[in-house]
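Asks: Right, I'll just put the structure down here and ask away after.
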Amino acid sequence: MSDAPSHVPGESILPGWIKGPQDFFGGLALVAIALFALWASSDLQGMRGFSFGAGTAPRMFGVLLLVLGFAIMVVGAFTEGPKLAVYAWRGPLFVSLAILSFAVSIRPMGMIFSAMASFMIAALGTHETQWKETFIVGVCLTAGCALLFPYALGLPLQMLPAFLNR
Amino acid sequence: MGDLFSNLGLGFGVVFQFVQWAPAFLHGMSIPIPINILLCLIGALVGTLVGVLPGIGTIATVAMLLPITFGLPPVGALIMLAGIYYGAQYGGSTTSILVNIPGEASSVVTALDGFQMAKQGRAGPALAIAAIGSFFAGCVATVLIAVLGAPLTKLALAFGPAEYFSLMVLGLIFAVVLAKGSVLKAIAMIVFGLLLSMVGSDIETGAARMSFNVPELADGLGFATVAMGLFGFAEIIRNLDAGGEGDRDLVQEKVTGLMPTRKDMMDSAPAILRGTVLGSILGILPGGGAVIASFAAYTLEKKLSKDPSRFGRGAIEGVAAPESANNAAAQTSFIPLLTLGIPPNAVMALMVGAMTIHGIVPGPQVMQKQPELVWGMIASMWVGNLMLLIINLPLVGIWVRLLRVPYRLMFPSIVIFCCIGIYSVNNAPMDVVLAGIFGLLGYWLIKHDFEPAPLLLGMVLGPLMEENLRRALLISRGDATVFFTRPLSASLMAISAFLLVLALLPSLRKKRDEVFVESES
């Protein structure tokens, strides 16, 4: 969904008539999202007489977003505005990887393993990480969560890898 | 009047409920424990604990802590959530006073004078006056909710689908007008939220909408999932950008001398009073005004002050007024939620999410069918405020120490905590992935200066709006003028249109931006 221009090259490549690139591309992405939603809901039933079909409301909101996105684009093109912000890659990448690794490993490996692994992956997200300290905190945190969630909060979570439970 | 007291009595009865606890090791003996007070206390503590972490706002805190209330009975869960909410707000002001990093928009103004006071070695009085002001505002707002609750519920029962739809439109317009930044972009975010809420199965026909045959999407996007992604993960990623450590400017001196002097009290008393009144009014408005309340209260104090130049240099009124206004608005914003079932802002939208998870549909029916739930929650607000005053001031030292935890250790912990929390809601790994995607989306939104809060509001209101729109048009046999011919609905629509025009007029837009300009100066 956030497949917006994530690494837009420098100002030089952008056409000169775009005065506020931040809004222009923001609006453009909204237009794209709206078009995608309109396409995705195109197979749904529309109005039947005066009662709504399943597709009526999504299409309504889709068209509305299309119009608004376009308006933001136009405003962005003609009024002076901020440039595109600089995107960092390290934080988003490793935090996403940590989340993904948690999602993939929680079922087969259990909470203790996957929480610890994700903690270490997430810690890669900044160059300031000191590994010894991070490892100790990770162990403490995992232990804390292993006590907090199932016992204090009564949420059943599988702790150990699935193959040990068989 | 008698109603009021009996209702409040019922509420306090719920809050002071004792549960007999009979653990095995006591051999048949049982100890009575005030379960709801305990939950409120824990909520306020945990809320402060997370809210105090720099860069984590109230919405993010409530979203992150939602899962820990799922295992509780509904009354207890809502009381605890309310506690978390106040704690988070208080934690946010602590951070802005001590570190000059406001966790959210509503405490930006607190940072202006609060941090200056802290630099002058008066962090103690600043924190104390913030707590006292909040407590006073909380007391007034609690009574106000109790007074307005019943009549508004009666009004709500007279509402048909057309009126509800118009009211929601008004609420969304208010949310746009009272928010900071571009009106156009805020509206676009609301519509984006409405569109996202359409994912899942249609209420009437059961047809799967935009779910691409993904079974996890067939039930719609989970509310907790989206909130945690947009606020939790996105904030973390954004904070990593900033380099974490660089801009932390923690007041290093020990916080001593908590109590404000007599002069401080005299100076801030009228400010607290004015802030409370302003905040209570702005909070009731649909669209929720905690942010604008604190900005407006600060501006008002500055205008009324004999010596406006003191502001921004550690004037105690500059802390007292916005903090009271902020808390009053936070509390009175429960009124539209409890009586009309319409969340006025993103935090209340989260409360709706929590209620739905417990099988409660907020609105006038709840007030009548489950009075103990509503009044218990209202009474717990007052108790929560009292607890913040009693426990948090002595604990300031702990919060300060927490502020020194380096971000490099904090952020992976938050990531893991959020992951486990999201997973535990449905035991669905897919939810975790979705939250991650929404985290990236939120990061992108921040980068393009789009506010994620209206999106969340739109997402909660989406299904309600669709349902009422459908019903209204079905009853009127497809006649769309029904929204303008029924008097109540017509006046709500007229107000919305009027507000929108006002917000778009250039001269008034300037006035509106002036209120927010304090943060930049």
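Chain lettering (A, B, ...) mirrors the order of the structure tokens, residue numbering begins at 1 for each chain separately, and ligand numbering begins at 1 in order of display.
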Run DSSP on the backbone and tell me which residues of stretch 79-142 of chain A come out as alpha helix (DSSP H); list them as number ranges by chain.
Replies: A: 90-123, 131-142
Asks: Can you list, as a list of chain:residue names, every protein, DNA or RNA residue that comes within 8 Å of B:Ala60 when you count only C-alpha atoms, leaving out same-chain residues fewer than 6 positions away?
Replies: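 In the requested form, the answer reads B:Ala227, B:Met228, B:Phe231, B:Gly232.
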Asks: May I ask you to extract the residues of chain B within 8 Å of chain A, using only C-alpha atoms, and to give them as a VMD selection string?
Replies: chain B and resid 68 to 69 71 184 to 185 187 to 188 191 to 192 194 to 195 198 202 204 to 205 207 209 to 210 237 240 to 241 243 408 to 409 411 to 413 415 to 417 419 to 420 424 429 to 430 432 to 433 436 to 437 440 to 441 444 447 to 449 466 470 473 to 474 477 to 478
Asks: Expressed in Å to a single decimal, how great is the separation between atom CA of B:Asn36 and atom CA of B:Gly222?
Replies: 27.6 Å
Asks: Would you mind reading off the distance between atom CA of B:Trp375 and atom CA of B:Val347, one decimal, in Å?
Replies: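 These atoms are spaced 19.4 Å apart.
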Asks: What parts of stretch 3-147 of chain B does DSSP call strand (DSSP E)? I'd like the answer as a PyMOL selection string.
Replies: chain B and resi 19-21+31-33
Asks: Generate the output file for the selected residues, C-alpha atoms, as a tab-separated table (two decimals), in the first residue's frame.
Replies:
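The result, stored in out27.tsv:
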```
chain	number	residue	atom	x	y	z
B	19	VAL	CA	-13.91	-9.23	45.32
B	20	GLN	CA	-13.24	-12.02	47.75
B	21	TRP	CA	-9.86	-13.47	46.93
B	31	ILE	CA	-9.18	-11.47	51.56
B	32	PRO	CA	-11.42	-8.77	50.11
B	33	ILE	CA	-9.62	-6.80	47.39
```
Asks: Distance atom CA of B:Val374-atom CA of B:Leu8, one decimal place?
Replies: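 Separation of atom CA of B:Val374 and atom CA of B:Leu8: 10.1 Å.
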